[in-house]
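Asks: Input structure: upload-v8.csv, which contains CSV, C-alpha atoms.
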```csv
chain,number,residue,atom,x,y,z
A,1,MET,CA,-68.2,-77.0,-14.7
A,2,ARG,CA,-71.9,-76.8,-13.9
A,3,HIS,CA,-72.8,-79.6,-16.2
A,4,GLY,CA,-69.5,-81.5,-15.9
A,5,GLY,CA,-70.8,-84.4,-13.9
A,6,THR,CA,-73.6,-85.2,-16.4
A,7,SER,CA,-71.2,-84.8,-19.3
A,8,VAL,CA,-68.8,-87.3,-17.8
A,9,LEU,CA,-71.7,-89.6,-17.1
A,10,GLY,CA,-72.7,-89.4,-20.8
A,11,VAL,CA,-69.2,-90.3,-21.9
A,12,VAL,CA,-69.0,-93.2,-19.4
A,13,ASN,CA,-72.3,-94.6,-20.5
A,14,PHE,CA,-71.3,-94.5,-24.1
A,15,VAL,CA,-68.2,-96.5,-23.2
A,16,THR,CA,-70.4,-98.9,-21.2
A,17,PHE,CA,-72.5,-99.3,-24.3
A,18,LEU,CA,-69.4,-100.2,-26.3
A,19,ALA,CA,-68.3,-102.6,-23.5
A,20,SER,CA,-71.6,-104.4,-23.6
A,21,ILE,CA,-70.8,-105.6,-27.1
A,22,PRO,CA,-68.3,-108.2,-25.8
A,23,VAL,CA,-70.8,-109.5,-23.3
A,24,LEU,CA,-73.5,-109.9,-26.0
A,25,GLY,CA,-70.8,-111.5,-28.2
A,26,GLY,CA,-70.0,-114.0,-25.4
A,27,GLY,CA,-73.6,-115.0,-25.3
A,28,ILE,CA,-73.7,-115.4,-29.0
A,29,TRP,CA,-70.5,-117.5,-28.9
A,30,LEU,CA,-72.0,-119.8,-26.2
A,31,ALA,CA,-75.1,-120.1,-28.5
A,32,SER,CA,-72.9,-121.1,-31.4
A,33,ARG,CA,-71.2,-123.8,-29.3
A,34,ALA,CA,-74.5,-125.0,-28.0
A,35,ASN,CA,-75.5,-125.7,-31.6
A,36,SER,CA,-72.3,-127.5,-32.4
A,37,THR,CA,-70.1,-128.8,-29.6
A,38,ASP,CA,-71.3,-128.2,-26.0
A,39,CYS,CA,-74.9,-128.9,-27.0
A,40,ILE,CA,-76.4,-127.3,-23.9
A,41,ARG,CA,-78.8,-124.6,-25.2
A,42,PHE,CA,-80.1,-122.9,-22.1
A,43,LEU,CA,-76.9,-121.4,-20.7
A,44,GLN,CA,-76.4,-118.7,-23.2
A,45,TRP,CA,-79.7,-116.9,-22.7
A,46,PRO,CA,-78.8,-115.2,-19.4
A,47,ILE,CA,-75.7,-113.7,-20.9
A,48,ILE,CA,-77.6,-112.5,-24.1
A,49,ILE,CA,-80.3,-111.0,-22.0
A,50,ILE,CA,-77.8,-109.2,-19.7
A,51,GLY,CA,-75.9,-107.9,-22.7
A,52,LEU,CA,-79.0,-106.5,-24.3
A,53,ALA,CA,-80.1,-105.0,-20.9
A,54,VAL,CA,-76.7,-103.3,-20.5
A,55,MET,CA,-77.0,-101.8,-24.0
A,56,VAL,CA,-80.6,-100.4,-23.4
A,57,VAL,CA,-79.8,-99.1,-19.9
A,58,SER,CA,-76.6,-97.5,-21.1
A,59,LEU,CA,-78.5,-95.7,-23.9
A,60,ALA,CA,-81.0,-94.5,-21.3
A,61,GLY,CA,-78.2,-93.2,-19.0
A,62,PHE,CA,-76.6,-91.5,-22.0
A,63,ALA,CA,-79.8,-89.8,-23.0
A,64,GLY,CA,-80.6,-88.7,-19.4
A,65,ALA,CA,-77.1,-87.3,-19.0
A,66,CYS,CA,-77.1,-85.4,-22.3
A,67,TYR,CA,-80.6,-83.9,-21.9
A,68,ARG,CA,-80.4,-83.6,-18.0
A,69,GLN,CA,-83.6,-85.5,-17.6
A,70,THR,CA,-84.0,-86.3,-13.9
A,71,TRP,CA,-86.8,-88.9,-14.4
A,72,LEU,CA,-84.7,-90.7,-17.0
A,73,LEU,CA,-81.7,-90.8,-14.7
A,74,ARG,CA,-83.9,-92.2,-11.9
A,75,LEU,CA,-85.2,-94.9,-14.2
A,76,TYR,CA,-81.6,-95.5,-15.4
A,77,LEU,CA,-80.3,-96.0,-11.8
A,78,PHE,CA,-83.2,-98.3,-10.9
A,79,ALA,CA,-82.6,-100.5,-13.9
A,80,MET,CA,-78.8,-100.4,-13.6
A,81,PHE,CA,-79.0,-101.7,-10.0
A,82,PHE,CA,-80.9,-104.8,-11.2
A,83,VAL,CA,-78.5,-105.3,-14.1
A,84,VAL,CA,-75.5,-105.3,-11.7
A,85,VAL,CA,-77.2,-107.7,-9.3
A,86,ALA,CA,-78.2,-110.0,-12.2
A,87,LEU,CA,-74.7,-110.0,-13.6
A,88,LEU,CA,-73.2,-110.6,-10.2
A,89,PHE,CA,-75.6,-113.5,-9.6
A,90,PHE,CA,-74.7,-115.1,-12.9
A,91,ILE,CA,-71.0,-114.8,-12.3
A,92,VAL,CA,-71.3,-116.5,-8.9
A,93,PHE,CA,-73.7,-119.1,-10.3
A,94,ALA,CA,-71.3,-119.9,-13.2
A,95,PHE,CA,-68.3,-120.4,-10.9
A,96,ALA,CA,-70.4,-122.4,-8.4
A,97,VAL,CA,-71.7,-124.9,-10.9
A,98,THR,CA,-68.3,-125.4,-12.6
A,99,ASP,CA,-66.0,-125.4,-9.5
A,100,ARG,CA,-65.4,-129.1,-9.6
A,101,GLY,CA,-63.9,-131.4,-12.2
A,102,ASP,CA,-60.6,-131.4,-14.0
A,103,GLY,CA,-59.1,-133.7,-16.6
A,104,GLN,CA,-56.9,-136.5,-15.4
A,105,VAL,CA,-53.4,-137.0,-16.8
A,106,VAL,CA,-52.7,-140.5,-18.3
A,107,MET,CA,-49.2,-141.9,-18.8
A,108,ASN,CA,-48.0,-141.7,-22.4
A,109,ARG,CA,-51.0,-139.6,-23.4
A,110,ARG,CA,-51.1,-135.9,-24.2
A,111,PHE,CA,-54.8,-135.7,-24.0
A,112,LEU,CA,-56.7,-135.8,-20.6
A,113,GLU,CA,-59.3,-138.3,-19.4
A,114,TYR,CA,-62.5,-137.2,-17.8
A,115,GLN,CA,-64.4,-138.9,-15.0
A,116,PHE,CA,-68.1,-138.2,-14.4
A,117,SER,CA,-67.6,-138.9,-10.7
A,118,ASP,CA,-65.3,-135.8,-10.4
A,119,TYR,CA,-68.3,-133.5,-10.9
A,120,ASN,CA,-71.2,-132.8,-8.7
A,121,GLY,CA,-74.0,-130.2,-8.2
A,122,TRP,CA,-76.8,-128.9,-10.2
A,123,LEU,CA,-75.2,-129.0,-13.6
A,124,ARG,CA,-74.1,-132.6,-13.2
A,125,ASN,CA,-77.6,-133.6,-12.2
A,126,ARG,CA,-78.9,-131.8,-15.2
A,127,VAL,CA,-76.6,-133.6,-17.6
A,128,ALA,CA,-77.3,-136.9,-15.9
A,129,ASP,CA,-81.0,-136.7,-16.5
A,130,PRO,CA,-81.8,-139.5,-19.1
A,131,GLU,CA,-84.2,-137.4,-21.1
A,132,TYR,CA,-81.9,-134.4,-21.2
A,133,TRP,CA,-78.9,-136.5,-22.0
A,134,ALA,CA,-80.8,-138.1,-24.9
A,135,THR,CA,-81.1,-134.6,-26.4
A,136,ILE,CA,-77.4,-133.8,-25.8
A,137,SER,CA,-76.2,-137.1,-27.3
A,138,ALA,CA,-78.4,-136.6,-30.3
A,139,CYS,CA,-77.0,-133.1,-30.7
A,140,LEU,CA,-73.4,-134.5,-30.6
A,141,ARG,CA,-74.2,-137.1,-33.3
A,142,ASP,CA,-76.1,-134.6,-35.5
A,143,GLY,CA,-73.2,-132.1,-35.1
A,144,HIS,CA,-70.6,-134.7,-36.1
A,145,ALA,CA,-68.6,-134.0,-33.0
A,146,CYS,CA,-66.1,-136.8,-33.8
A,147,GLU,CA,-65.5,-136.2,-37.4
A,148,GLY,CA,-62.8,-133.6,-36.7
A,149,MET,CA,-60.7,-136.2,-35.1
A,150,LYS,CA,-59.9,-138.1,-38.2
A,151,ARG,CA,-56.4,-137.4,-39.7
A,152,ARG,CA,-54.3,-139.0,-42.3
A,153,ALA,CA,-50.6,-139.7,-42.5
A,154,ARG,CA,-48.5,-140.8,-45.4
A,155,ASP,CA,-47.2,-144.4,-45.2
A,156,PRO,CA,-43.4,-144.2,-45.7
A,157,ASN,CA,-43.4,-147.6,-47.6
A,158,THR,CA,-46.3,-147.1,-50.0
A,159,GLY,CA,-46.6,-143.4,-50.0
A,160,MET,CA,-50.4,-143.7,-49.6
A,161,LEU,CA,-52.5,-141.8,-47.0
A,162,VAL,CA,-53.5,-144.1,-44.1
A,163,PRO,CA,-55.0,-143.4,-40.7
A,164,GLU,CA,-52.4,-141.9,-38.4
A,165,PRO,CA,-50.4,-144.4,-36.2
A,166,PRO,CA,-51.1,-144.7,-32.5
A,167,SER,CA,-48.0,-142.7,-31.5
A,168,MET,CA,-49.3,-139.7,-33.4
A,169,PHE,CA,-52.8,-140.0,-32.0
A,170,PHE,CA,-51.6,-140.4,-28.4
A,171,GLY,CA,-49.6,-137.2,-28.8
A,172,ARG,CA,-52.6,-135.1,-29.8
A,173,ASN,CA,-54.4,-132.6,-27.6
A,174,LEU,CA,-58.0,-133.6,-27.8
A,175,SER,CA,-60.9,-131.5,-26.7
A,176,PRO,CA,-62.9,-132.8,-23.7
A,177,ILE,CA,-65.7,-134.1,-25.9
A,178,GLN,CA,-63.4,-135.8,-28.3
A,179,SER,CA,-61.6,-137.5,-25.4
A,180,GLY,CA,-64.7,-138.5,-23.6
A,181,CYS,CA,-67.2,-139.3,-26.4
A,182,CYS,CA,-65.2,-140.3,-29.5
A,183,LYS,CA,-62.9,-142.9,-28.0
A,184,PRO,CA,-63.1,-145.5,-25.2
A,185,PRO,CA,-61.4,-144.7,-21.9
A,186,THR,CA,-57.8,-145.5,-21.7
A,187,SER,CA,-58.5,-147.9,-18.8
A,188,CYS,CA,-60.3,-150.2,-21.2
A,189,ALA,CA,-56.9,-150.9,-22.9
A,190,PHE,CA,-58.6,-151.3,-26.3
A,191,THR,CA,-56.4,-151.7,-29.4
A,192,TYR,CA,-56.2,-148.6,-31.6
A,193,VAL,CA,-57.2,-149.1,-35.3
A,194,ASN,CA,-58.1,-145.5,-36.0
A,195,GLU,CA,-59.3,-142.4,-34.1
A,196,THR,CA,-62.9,-143.8,-33.7
A,197,TYR,CA,-62.4,-147.5,-34.2
A,198,TRP,CA,-61.0,-149.6,-31.4
A,199,THR,CA,-61.0,-153.4,-30.8
A,200,PRO,CA,-61.2,-155.0,-27.4
A,201,ASN,CA,-58.3,-156.8,-25.9
A,202,PRO,CA,-59.7,-160.1,-24.5
A,203,GLY,CA,-56.7,-160.5,-22.2
A,204,VAL,CA,-57.5,-157.2,-20.4
A,205,GLN,CA,-61.2,-157.1,-20.8
A,206,THR,CA,-61.8,-159.4,-17.9
A,207,VAL,CA,-60.1,-157.2,-15.3
A,208,VAL,CA,-61.6,-153.9,-16.4
A,209,SER,CA,-64.3,-152.6,-14.1
A,210,ASP,CA,-65.1,-149.4,-16.0
A,211,PRO,CA,-68.7,-149.8,-17.3
A,212,ASP,CA,-67.9,-147.4,-20.2
A,213,CYS,CA,-65.9,-150.3,-21.7
A,214,GLN,CA,-69.2,-152.2,-22.2
A,215,LYS,CA,-70.9,-149.1,-23.6
A,216,TRP,CA,-68.3,-148.4,-26.3
A,217,ASN,CA,-69.4,-149.4,-29.9
A,218,ASN,CA,-67.5,-148.9,-33.1
A,219,ASP,CA,-70.7,-147.9,-34.8
A,220,GLN,CA,-70.1,-144.2,-35.8
A,221,GLN,CA,-73.5,-143.3,-34.6
A,222,THR,CA,-72.9,-144.8,-31.1
A,223,LEU,CA,-69.2,-144.7,-30.2
A,224,CYS,CA,-69.2,-143.6,-26.5
A,225,PHE,CA,-72.1,-141.2,-26.6
A,226,GLN,CA,-73.8,-143.1,-23.8
A,227,CYS,CA,-70.6,-143.3,-21.7
A,228,ASP,CA,-70.2,-141.5,-18.4
A,229,SER,CA,-66.9,-140.2,-19.8
A,230,CYS,CA,-68.8,-138.5,-22.5
A,231,LYS,CA,-71.0,-136.7,-19.9
A,232,ALA,CA,-67.8,-135.7,-18.1
A,233,GLY,CA,-66.4,-134.4,-21.4
A,234,VAL,CA,-69.5,-132.3,-22.0
A,235,LEU,CA,-69.2,-130.8,-18.4
A,236,ALA,CA,-65.5,-130.1,-18.9
A,237,GLY,CA,-66.3,-128.3,-22.2
A,238,ILE,CA,-69.0,-126.3,-20.5
A,239,LYS,CA,-66.6,-125.3,-17.7
A,240,LYS,CA,-64.0,-124.2,-20.1
A,241,SER,CA,-66.5,-122.1,-22.1
A,242,TRP,CA,-68.1,-120.5,-19.0
A,243,ARG,CA,-64.8,-119.6,-17.5
A,244,LYS,CA,-63.8,-117.7,-20.6
A,245,VAL,CA,-67.1,-115.8,-20.7
A,246,ALA,CA,-66.9,-115.2,-16.9
A,247,ILE,CA,-63.7,-113.2,-17.3
A,248,ILE,CA,-65.4,-110.8,-19.7
A,249,ASN,CA,-68.4,-110.6,-17.3
A,250,ILE,CA,-66.1,-109.7,-14.3
A,251,VAL,CA,-64.5,-106.9,-16.2
A,252,MET,CA,-68.0,-105.7,-17.3
A,253,LEU,CA,-69.2,-105.9,-13.7
A,254,ILE,CA,-66.4,-103.6,-12.5
A,255,ILE,CA,-67.2,-101.1,-15.2
A,256,LEU,CA,-70.9,-101.2,-14.3
A,257,VAL,CA,-70.3,-100.6,-10.6
A,258,ILE,CA,-68.1,-97.5,-11.5
A,259,VAL,CA,-70.8,-96.2,-13.9
A,260,TYR,CA,-73.5,-96.8,-11.2
A,261,VAL,CA,-71.6,-94.8,-8.6
A,262,ALA,CA,-71.0,-92.0,-11.2
A,263,GLY,CA,-74.7,-92.1,-12.1
A,264,CYS,CA,-75.7,-91.6,-8.4
A,265,ALA,CA,-73.5,-88.5,-8.2
A,266,ALA,CA,-74.9,-87.2,-11.5
A,267,PHE,CA,-78.5,-87.8,-10.3
A,268,ARG,CA,-77.8,-85.7,-7.2
A,269,ASN,CA,-76.3,-82.9,-9.2
A,270,ALA,CA,-79.3,-82.9,-11.7
A,271,LYS,CA,-81.7,-82.8,-8.8
A,272,ARG,CA,-80.0,-79.8,-7.3
A,273,MET,CA,-80.3,-78.0,-10.6
A,274,ASP,CA,-84.0,-78.8,-10.9
A,275,ASN,CA,-84.5,-77.4,-7.4
A,276,ASP,CA,-82.3,-74.3,-8.0
A,277,GLU,CA,-80.1,-75.3,-5.1
A,278,PRO,CA,-76.6,-73.8,-4.9
A,279,TYR,CA,-74.0,-75.9,-6.7
A,280,GLY,CA,-70.3,-75.8,-6.1
A,281,MET,CA,-68.3,-74.2,-3.3
A,282,ALA,CA,-70.3,-72.3,-0.7
A,283,ARG,CA,-69.0,-68.8,0.1
A,284,MET,CA,-69.8,-67.3,3.6
A,285,THR,CA,-70.1,-63.5,4.1
A,286,LYS,CA,-69.9,-61.6,7.3
A,287,SER,CA,-72.8,-59.5,8.5
A,288,GLN,CA,-70.3,-56.8,9.7
A,289,PRO,CA,-67.3,-57.1,7.4
A,290,SER,CA,-64.0,-56.0,8.9
A,291,ARG,CA,-62.0,-53.0,7.7
A,292,PHE,CA,-59.4,-55.2,6.1
A,293,GLN,CA,-60.4,-57.5,3.2
A,294,PHE,CA,-58.4,-60.5,2.3
```
As structure tokens, how would this structure be written, given the file I've shared?
Replies:
Amino acid sequence: MRHGGTSVLGVVNFVTFLASIPVLGGGIWLASRANSTDCIRFLQWPIIIIGLAVMVVSLAGFAGACYRQTWLLRLYLFAMFFVVVALLFFIVFAFAVTDRGDGQVVMNRRFLEYQFSDYNGWLRNRVADPEYWATISACLRDGHACEGMKRRARDPNTGMLVPEPPSMFFGRNLSPIQSGCCKPPTSCAFTYVNETYWTPNPGVQTVVSDPDCQKWNNDQQTLCFQCDSCKAGVLAGIKKSWRKVAIINIVMLIILVIVYVAGCAAFRNAKRMDNDEPYGMARMTKSQPSRFQF
């Protein structure tokens, strides 16, 4: 049992190395969404860096435990402390910037509507920046974010495929970006033609105060990409993505804290062995032993 602590630490660090793979995978998943749907490209890098750091630090701890290298364990504990702090900071930051904003239920609609005014804080200001939003909206257009909405239904009279009727469209569960960027807000009361083509209703247009109704355009390169509802849809998509990754990060943080505590214990044991200090249970002997031994 003399080397039991370091052996256990080696096994735990190997498990930590395996557990870091989902963290890195979460960062890669965010990167893939940044290139296709969410279109915010700076959020995935902290997760990717943390995932790679956990891998490298876990390998250092595994090597230090296997070869009982005190200096390597010292470096491992020093680096692991900053990795734990960085991961904790990112989790708190992710929940802080996505704590506000939820979709609003609309009568006779399965999908939700999103309002930009429901969001606040740093991420909202980032998305609201005109130059940055120009980049995001261009990404949405280039990524054909609205093409996946189009569906066909067979006309019962002619048997031909035609755009789905309004009843089918209103019963769909749209993504936040599809709801906010690819159709006008429901409050505009536009007439449905197909998923991305709507005509104004003159009788209602005069009483509608939502400025997004004026920004909507049936041009497939414009649609509602300049609407506040589109910005809200992007924020809602980011919130949904971050919350999924945050769950993985919380589990990883718990594992890292346990490994860090075990690493501190293993470092103390390795230091005792380097100094030839007694290890294990201390046994006291009497200077004048009694006649009866127990």
Asks: Rank nothing, just name the residue among A:Ile40, A:Gly26, A:Leu72, A:Trp242 nearest to Thr135 in chain A, using only C-alpha atoms.
Replies: A:Ile40
Asks: Contacts of Cys230 in chain A at 12 Å or less, counting all atoms listed in the file, minus same-chain residues fewer than 4 places along, as a short mmCIF file (atom, residue, chain, number, x, y, z; two decimals) with C-alpha atoms, keeping the file's coordinate frame?
Replies:
```
data_model
loop_
_atom_site.label_atom_id
_atom_site.label_comp_id
_atom_site.auth_asym_id
_atom_site.auth_seq_id
_atom_site.Cartn_x
_atom_site.Cartn_y
_atom_site.Cartn_z
CA ASP A 38 -71.30 -128.20 -26.00
CA GLU A 113 -59.30 -138.30 -19.40
CA TYR A 114 -62.50 -137.20 -17.80
CA GLN A 115 -64.40 -138.90 -15.00
CA PHE A 116 -68.10 -138.20 -14.40
CA SER A 117 -67.60 -138.90 -10.70
CA VAL A 127 -76.60 -133.60 -17.60
CA ALA A 128 -77.30 -136.90 -15.90
CA TRP A 133 -78.90 -136.50 -22.00
CA ILE A 136 -77.40 -133.80 -25.80
CA SER A 137 -76.20 -137.10 -27.30
CA LEU A 140 -73.40 -134.50 -30.60
CA ALA A 145 -68.60 -134.00 -33.00
CA CYS A 146 -66.10 -136.80 -33.80
CA SER A 175 -60.90 -131.50 -26.70
CA PRO A 176 -62.90 -132.80 -23.70
CA ILE A 177 -65.70 -134.10 -25.90
CA GLN A 178 -63.40 -135.80 -28.30
CA SER A 179 -61.60 -137.50 -25.40
CA GLY A 180 -64.70 -138.50 -23.60
CA CYS A 181 -67.20 -139.30 -26.40
CA CYS A 182 -65.20 -140.30 -29.50
CA LYS A 183 -62.90 -142.90 -28.00
CA PRO A 184 -63.10 -145.50 -25.20
CA PRO A 185 -61.40 -144.70 -21.90
CA ASP A 212 -67.90 -147.40 -20.20
CA LYS A 215 -70.90 -149.10 -23.60
CA TRP A 216 -68.30 -148.40 -26.30
CA THR A 222 -72.90 -144.80 -31.10
CA LEU A 223 -69.20 -144.70 -30.20
CA CYS A 224 -69.20 -143.60 -26.50
CA PHE A 225 -72.10 -141.20 -26.60
CA GLN A 226 -73.80 -143.10 -23.80
CA VAL A 234 -69.50 -132.30 -22.00
CA LEU A 235 -69.20 -130.80 -18.40
CA ALA A 236 -65.50 -130.10 -18.90
CA GLY A 237 -66.30 -128.30 -22.20
#
```
Asks: Restricting the calculation to only C-alpha atoms: of A:Leu30, A:Ala232, A:Leu24, A:Cys66, which residue gets closest to Ile48 in chain A?
Replies: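 Closest residue, counting only C-alpha atoms: A:Leu24.
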Asks: Would you kindly identify which residues have an atom no farther than 7 Å from (-65.4, -123.9, -12.2), using only C-alpha atoms and the file's own coordinates, and write them out as JSON, numbers by chain?
Replies: {"A": [95, 96, 97, 98, 99, 100, 239, 243]}
Asks: Between A:Gly121, A:Gly263, A:Pro130, A:Gly61, single out the one closest to Phe14 in chain A, counting all atoms listed in the file.
Replies: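 The shortest atom-to-atom distance to Phe14 in chain A comes from A:Gly61.
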Asks: Just to confirm, what's the straight-line distance from CA of Ala31 in chain A to CA of Ile238 in chain A in Å (one decimal)?
Replies: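 We find that CA of Ala31 in chain A and CA of Ile238 in chain A lie 11.8 Å from each other.
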Asks: Check the smallest atom-to-atom distance from each of A:Gly171, A:Pro211, A:Gly25, A:Gly233 to Arg110 in chain A using all atoms listed in the file, then report the winner.
Replies: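 Smallest separation from Arg110 in chain A among the options: A:Gly171.
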Asks: Model the absent atoms of range 232-241 of chain A so that all heavy atoms are present, and write the result as a compact mmCIF listing (two decimals), in the frame of the given file.
Replies:
```txt
# COMPACT_ATOMS: atom_id res chain seq x y z
N ALA A 232 -68.91 -136.46 -18.76
CA ALA A 232 -67.80 -135.70 -18.10
C ALA A 232 -67.17 -134.76 -19.12
O ALA A 232 -66.80 -133.63 -18.78
CB ALA A 232 -66.82 -136.63 -17.49
N GLY A 233 -66.99 -135.24 -20.36
CA GLY A 233 -66.40 -134.40 -21.40
C GLY A 233 -67.26 -133.17 -21.71
O GLY A 233 -66.76 -132.07 -21.91
N VAL A 234 -68.59 -133.38 -21.74
CA VAL A 234 -69.50 -132.30 -22.00
C VAL A 234 -69.39 -131.25 -20.82
O VAL A 234 -69.32 -130.03 -21.05
CB VAL A 234 -70.95 -132.76 -22.12
CG1 VAL A 234 -71.93 -131.60 -22.11
CG2 VAL A 234 -71.09 -133.55 -23.41
N LEU A 235 -69.35 -131.73 -19.58
CA LEU A 235 -69.20 -130.80 -18.40
C LEU A 235 -67.90 -130.09 -18.45
O LEU A 235 -67.85 -128.90 -18.12
CB LEU A 235 -69.35 -131.65 -17.13
CG LEU A 235 -70.74 -132.19 -16.82
CD1 LEU A 235 -70.69 -133.11 -15.60
CD2 LEU A 235 -71.73 -131.07 -16.59
N ALA A 236 -66.83 -130.78 -18.86
CA ALA A 236 -65.50 -130.10 -18.90
C ALA A 236 -65.53 -129.04 -20.02
O ALA A 236 -64.94 -127.96 -19.85
CB ALA A 236 -64.43 -131.14 -19.22
N GLY A 237 -66.20 -129.32 -21.15
CA GLY A 237 -66.30 -128.30 -22.20
C GLY A 237 -67.11 -127.10 -21.75
O GLY A 237 -66.76 -125.95 -22.05
N ILE A 238 -68.20 -127.35 -21.00
CA ILE A 238 -69.00 -126.30 -20.50
C ILE A 238 -68.19 -125.42 -19.50
O ILE A 238 -68.24 -124.18 -19.51
CB ILE A 238 -70.26 -126.82 -19.78
CG1 ILE A 238 -71.21 -127.39 -20.82
CG2 ILE A 238 -70.96 -125.74 -18.96
CD1 ILE A 238 -71.76 -126.37 -21.78
N LYS A 239 -67.44 -126.07 -18.63
CA LYS A 239 -66.60 -125.30 -17.70
C LYS A 239 -65.60 -124.45 -18.38
O LYS A 239 -65.42 -123.28 -18.00
CB LYS A 239 -65.87 -126.33 -16.76
CG LYS A 239 -64.94 -125.69 -15.75
CD LYS A 239 -64.27 -126.73 -14.87
CE LYS A 239 -63.34 -126.05 -13.87
NZ LYS A 239 -62.70 -127.04 -12.96
N LYS A 240 -64.98 -124.97 -19.40
CA LYS A 240 -64.00 -124.20 -20.10
C LYS A 240 -64.63 -122.99 -20.82
O LYS A 240 -64.09 -121.87 -20.80
CB LYS A 240 -63.31 -125.10 -21.18
CG LYS A 240 -62.15 -124.46 -21.90
CD LYS A 240 -61.48 -125.46 -22.84
CE LYS A 240 -60.30 -124.85 -23.57
NZ LYS A 240 -59.66 -125.83 -24.49
N SER A 241 -65.82 -123.19 -21.41
CA SER A 241 -66.50 -122.10 -22.10
C SER A 241 -66.98 -121.05 -21.10
O SER A 241 -66.83 -119.85 -21.33
CB SER A 241 -67.70 -122.65 -22.89
OG SER A 241 -67.27 -123.59 -23.86
```
